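Next up, my_file25.txt (compact mmCIF, C-alpha atoms):
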# COMPACT_ATOMS: atom_id res chain seq x y z
CA LYS A 1 98.69 175.39 59.37
CA GLU A 2 98.54 179.06 58.55
CA ARG A 3 96.19 180.77 56.20
CA ALA A 4 97.00 184.07 54.44
CA TRP A 5 94.29 186.63 53.94
CA VAL A 6 94.60 189.55 51.52
CA VAL A 7 92.59 192.58 52.48
CA VAL A 8 92.16 195.31 49.87
CA GLU A 9 90.87 198.67 51.01
CA SER A 10 89.88 201.55 48.78
CA SER A 11 90.53 205.10 49.90
CA THR A 12 90.15 208.29 47.91
CA ASN A 13 90.97 210.57 50.82
CA ASN A 14 94.45 209.31 51.54
CA VAL A 15 96.58 212.13 50.01
CA GLU A 16 100.31 212.67 50.50
CA GLN A 17 102.46 215.71 49.61
CA THR A 18 105.70 214.79 47.75
CA ASN A 19 107.86 217.63 46.36
CA GLY A 20 104.80 219.82 46.07
CA GLU A 21 102.86 217.23 44.09
CA GLU A 22 99.85 215.33 45.30
CA THR A 23 100.05 211.56 45.31
CA THR A 24 96.77 209.68 45.87
CA SER A 25 96.92 206.19 47.30
CA THR A 26 93.87 204.27 46.11
CA ASN A 27 94.73 200.73 47.14
CA ILE A 28 96.37 199.52 50.29
CA GLU A 29 97.14 195.85 50.39
CA THR A 30 97.74 194.25 53.74
CA ASN A 31 98.71 190.65 54.26
CA ILE A 32 97.36 189.29 57.48
CA ARG A 33 98.69 185.99 58.64
CA GLN A 34 96.34 184.29 61.03
CA GLN A 35 96.83 181.10 62.94
CA GLN A 36 94.00 178.79 62.04
CA ARG A 37 92.36 177.57 65.17
CA HIS A 38 89.94 174.79 65.73
CA GLN A 39 86.54 176.34 66.25
CA PRO A 40 83.70 174.40 67.89
CA PRO A 41 80.59 173.98 65.73
CA PRO A 42 78.02 176.75 66.10
CA GLN A 43 75.48 176.15 68.80
CA GLN A 44 72.37 174.53 67.43
CA ILE A 45 69.07 176.31 67.82
CA ILE A 46 66.69 173.93 69.56
CA GLU A 47 62.97 174.51 69.44
CA PRO A 48 60.20 172.35 70.91
CA PHE A 49 58.34 169.99 68.60
CA PRO A 50 55.51 168.15 70.31
CA THR A 51 55.06 165.23 67.87
CA LEU A 52 55.83 161.81 69.39
CA TYR A 53 54.97 159.32 66.67
CA TRP A 54 55.87 159.30 62.98
CA LEU A 55 54.93 157.07 60.07
CA THR A 56 58.01 155.38 58.65
CA SER A 57 56.38 153.59 55.72
CA PRO A 58 56.59 155.66 52.51
CA LEU A 59 53.70 153.67 51.06
CA LEU A 60 51.44 154.32 54.05
CA ARG A 61 52.31 158.01 53.99
CA THR A 62 51.34 158.10 50.31
CA TYR A 63 47.98 156.45 50.94
CA ILE A 64 47.14 158.85 53.75
CA SER A 65 48.17 161.82 51.64
CA LYS A 66 45.65 160.62 49.05
CA LEU A 67 42.98 160.53 51.73
CA GLU A 68 43.76 164.10 52.79
CA ILE A 69 43.06 165.40 49.29
CA SER A 70 40.01 163.19 48.76
CA LYS A 71 36.44 164.41 49.05
CA GLU A 72 35.42 161.77 51.59
CA PHE A 73 38.31 161.63 54.06
CA ASN A 74 39.96 165.04 54.09
CA VAL A 75 40.59 166.84 57.38
CA PRO A 76 37.34 168.92 57.35
CA LYS A 77 35.32 165.74 56.73
CA MET A 78 37.07 163.99 59.60
CA GLU A 79 36.37 166.94 61.88
CA GLN A 80 32.73 166.87 60.85
CA ARG A 81 32.52 163.16 61.68
CA LEU A 82 34.28 163.71 64.99
CA ARG A 83 31.90 166.49 66.04
CA SER A 84 28.82 164.49 65.04
CA SER A 85 28.82 162.47 68.26
CA PRO A 86 29.54 163.34 71.91
CA SER A 87 31.00 159.85 72.36
CA HIS A 88 33.47 160.50 69.54
CA LEU A 89 34.54 163.74 71.17
CA SER A 90 34.89 162.09 74.58
CA GLN A 91 37.09 159.33 73.20
CA MET A 92 39.32 161.77 71.34
CA GLU A 93 39.59 163.87 74.49
CA ARG A 94 40.98 160.82 76.25
CA ALA A 95 43.28 160.07 73.30
CA HIS A 96 44.71 163.59 73.45
CA GLU A 97 45.22 163.32 77.21
CA SER A 98 46.97 159.99 76.76
CA TYR A 99 49.25 161.46 74.09
CA GLY A 100 50.17 164.49 76.20
CA SER A 101 50.80 162.41 79.32
CA LYS A 102 52.99 159.98 77.41
CA ARG A 103 55.07 162.80 75.94
CA TRP A 104 55.67 164.38 79.36
CA GLU A 105 56.48 161.03 80.99
CA LEU A 106 59.18 160.30 78.42
CA LEU A 107 61.11 163.42 79.43
CA THR A 108 63.86 163.15 82.02
CA PRO A 109 63.85 165.48 85.04
CA ALA A 110 66.69 167.40 83.38
CA ASP A 111 64.63 167.72 80.20
CA ARG A 112 61.66 169.07 82.13
CA ALA A 113 63.80 171.55 84.02
CA ASN A 114 65.30 172.79 80.76
CA ILE A 115 61.86 173.05 79.17
CA GLU A 116 60.53 175.12 82.06
CA LYS A 117 63.63 177.31 82.00
CA ARG A 118 63.16 178.03 78.30
CA GLY A 119 59.43 178.67 78.71
CA TRP A 120 58.37 175.69 76.59
CA LYS A 121 56.19 173.90 79.12
CA GLY A 122 52.99 175.15 77.53
CA ALA A 123 54.00 173.56 74.23
CA LEU A 124 54.99 170.16 75.58
CA ASP A 125 53.04 169.34 78.73
CA GLU A 126 49.83 167.35 79.15
CA ARG A 127 47.65 170.20 77.94
CA ARG A 128 48.85 169.65 74.38
CA GLY A 129 47.38 166.65 72.60
CA VAL A 130 48.23 164.78 69.42
CA ALA A 131 51.11 166.54 67.66
CA GLY A 132 50.62 169.53 69.98
CA ILE A 133 46.97 170.23 69.16
CA ARG A 134 45.04 172.42 71.61
CA ARG A 135 41.43 172.20 70.47
CA ARG A 136 40.28 168.66 71.04
CA ASP A 137 37.42 168.89 68.55
CA CYS A 138 39.88 169.59 65.73
CA VAL A 139 41.92 167.22 63.62
CA LYS A 140 45.62 167.57 62.96
CA CYS A 141 47.07 166.01 59.82
CA LEU A 142 45.83 162.45 59.38
CA HIS A 143 49.40 161.15 59.37
CA ALA A 144 49.86 162.23 62.99
CA HIS A 145 46.61 160.61 64.11
CA ALA A 146 47.34 157.37 62.26
CA ALA A 147 50.84 157.19 63.74
CA HIS A 148 49.43 157.63 67.25
CA TYR A 149 46.78 154.98 66.69
CA LEU A 150 49.28 152.45 65.33
CA ALA A 151 51.59 153.11 68.27
CA GLN A 152 48.71 152.45 70.68
CA VAL A 153 47.89 149.21 68.86
CA ALA A 154 51.54 148.14 69.06
CA GLU A 155 51.66 148.83 72.81
CA ARG A 156 48.53 146.77 73.40
CA ARG A 157 50.05 143.92 71.38
CA GLY A 158 53.03 143.79 73.67
CA GLY A 159 55.31 146.01 71.64
CA ARG A 160 54.82 144.32 68.27
CA ALA A 161 54.31 146.90 65.58
CA ALA A 162 50.93 146.95 63.91
CA THR A 163 50.88 146.34 60.18
CA ALA A 164 48.34 146.77 57.45
CA ASP A 165 48.42 142.98 56.96
CA ASP A 166 47.32 142.45 60.57
CA ASP A 167 44.32 144.70 60.16
CA ASP A 168 43.52 143.30 56.73
CA GLU A 169 43.43 139.74 58.06
CA ASN A 170 41.32 140.80 61.01
CA ALA A 171 38.89 142.63 58.72
CA LYS A 172 38.52 139.46 56.63
CA ARG A 173 37.49 137.64 59.80
CA GLY A 174 34.81 140.22 60.43
CA GLY A 175 36.71 142.15 63.06
CA GLU A 176 37.69 145.78 63.23
CA VAL A 177 40.85 147.58 62.35
CA GLY A 178 43.20 147.22 65.31
CA GLY A 179 42.21 143.64 66.02
CA GLY A 180 39.29 144.61 68.24
CA LEU A 181 41.69 145.90 70.87
CA GLU A 182 40.13 147.48 73.90
CA GLY A 183 40.89 150.98 75.09
CA ASP A 184 38.72 154.02 75.57
CA ASP A 185 41.68 156.27 74.74
CA LEU A 186 42.41 154.85 71.27
CA ASN A 187 42.85 157.57 68.68
CA LEU A 188 39.54 157.39 66.88
CA VAL A 189 40.57 159.63 63.99
CA GLY A 190 43.64 157.49 63.48
CA LYS A 191 41.47 154.39 63.45
CA TRP A 192 39.14 155.90 60.85
CA THR A 193 42.16 156.83 58.79
CA MET A 194 43.55 153.30 58.82
CA GLU A 195 40.13 151.87 57.95
CA ALA A 196 39.99 154.20 54.95
CA VAL A 197 43.51 153.17 53.92
CA LEU A 198 42.53 149.49 53.96
CA ASP A 199 39.43 150.25 51.90
CA LEU A 200 41.60 152.14 49.44
CA ILE A 201 43.98 149.19 49.13
CA LYS A 202 41.12 146.71 48.65
CA ASN A 203 39.55 148.87 45.94
CA GLN A 204 42.86 149.04 44.13
CA GLN A 205 43.25 145.27 44.33
CA GLN A 206 39.75 144.73 42.95
CA GLN A 207 40.46 147.03 40.04
CA VAL A 208 43.60 145.05 39.23
CA VAL A 209 41.63 141.78 39.26
CA GLU A 210 38.89 143.21 37.08

If you took the structure in this file and wrote it as structure tokens, what would it be?
Amino acid sequence: KERAWVVVESSTNNVEQTNGEETTSTNIETNIRQQQRHQPPPQQIIEPFPTLYWLTSPLLRTYISKLEISKEFNVPKMEQRLRSSPSHLSQMERAHESYGSKRWELLTPADRANIEKRGWKGALDERRGVAGIRRRDCVKCLHAHAAHYLAQVAERRGGRAATADDDDENAKRGGEVGGGLEGDDLNLVGKWTMEAVLDLIKNQQQQVVE
């Protein structure tokens, strides 16, 4: 197929002499016929994004968003709780190391070579923790920590995804969120977040009953 383009140019300086009179040409119309060619799509701009795990439940995302704007469980409060104990900090240090190692292990040799070529290694290697965080005594968004924690729980359960029902049933039996799973690299902030979510759900259920 062919496509016709009409190009209109304005010129006030194009002056011709005809029989001693000036004739000014102000519009020149040119029809350009151009063979339409198949053009490949523009090259996508790829930038590194260090987040591995995402929450897929809209309801869970909503609950955690409520926590982030609450007075008790917002990010500054979680950071304060994290920094209150050396053991908390040590466990989160291990959680960040686990996250960074997992992210780097998932990359193919070709991926790693491309990352180093583009100068992205510092954003994606083991030195970056949960969702790319650098300072291990800080808290990223609670969604990222909860997603990491739930992924760890799923791995320790043999690949079965953790659900709020699992943790709710375990809590009723006197256990902890996560089914009492062992692991000194479990994301502690993510665990606290899920505990707060379950408390929020229980409070809502009690209000409905009342």

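Residues with any atom within 7 Å of the point (50.0, 157.5, 62.4), counting all atoms listed in the file, are Tyr53, Trp54, Leu55, His143, Ala144, His145, Ala146, Ala147, His148, Tyr149, Leu150 and Gly190 of chain A.
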
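Neighbouring residues of Arg135 of chain A at 12 Å or closer, counting all atoms listed in the file and skipping chain neighbours under 2 positions away, are Glu79, Arg83, Leu89, Met92, Glu93, His96, Glu97, Arg127, Arg128, Gly129, Val130, Ala131, Gly132, Ile133, Asp137, Cys138, Val139 and Lys140 of chain A.
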
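Going from atom CA of Lys71 of chain A to atom CA of Gln205 of chain A covers 20.9 Å.
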
Contact residues around Trp192 of chain A with only C-alpha atoms at 9 Å, ignoring same-chain residues under 4 positions, as a ChimeraX atom specification: /A:73,78,146,177,187-188,196-197

Within 7 Å of segment 103-114 of chain A using only C-alpha atoms, minus same-chain residues under 4 positions, as a PyMOL selection string: chain A and resi 52+99+118+124-126

Those same residues - C-alpha atoms - I'd like them written as a compact mmCIF listing (two decimals), keeping the file's coordinate frame.
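Saved file result-v4.txt follows:
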# COMPACT_ATOMS: atom_id res chain seq x y z
CA LEU A 52 55.83 161.81 69.39
CA TYR A 99 49.25 161.46 74.09
CA ARG A 118 63.16 178.03 78.30
CA LEU A 124 54.99 170.16 75.58
CA ASP A 125 53.04 169.34 78.73
CA GLU A 126 49.83 167.35 79.15

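We find atom CA of Ser85 of chain A and atom CA of Asp184 of chain A to be spaced 14.9 Å apart.
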
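Across the model, the gap from atom CA of Ser65 of chain A to atom CA of His88 of chain A is 23.2 Å.
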
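Residues in contact range of Glu72 of chain A, defined as at most 12 Å between only C-alpha atoms, with sequence neighbours fewer than 3 positions away removed, read Lys66, Leu67, Glu68, Ile69, Val75, Pro76, Lys77, Met78, Glu79, Gln80, Arg81, Trp192, Thr193, Ala196 and Leu200 of chain A.
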
Option closest in space to Ile46 of chain A, from A:Arg156, A:Ile115, A:Gln206, A:Gly183 [counting only C-alpha atoms]: A:Ile115
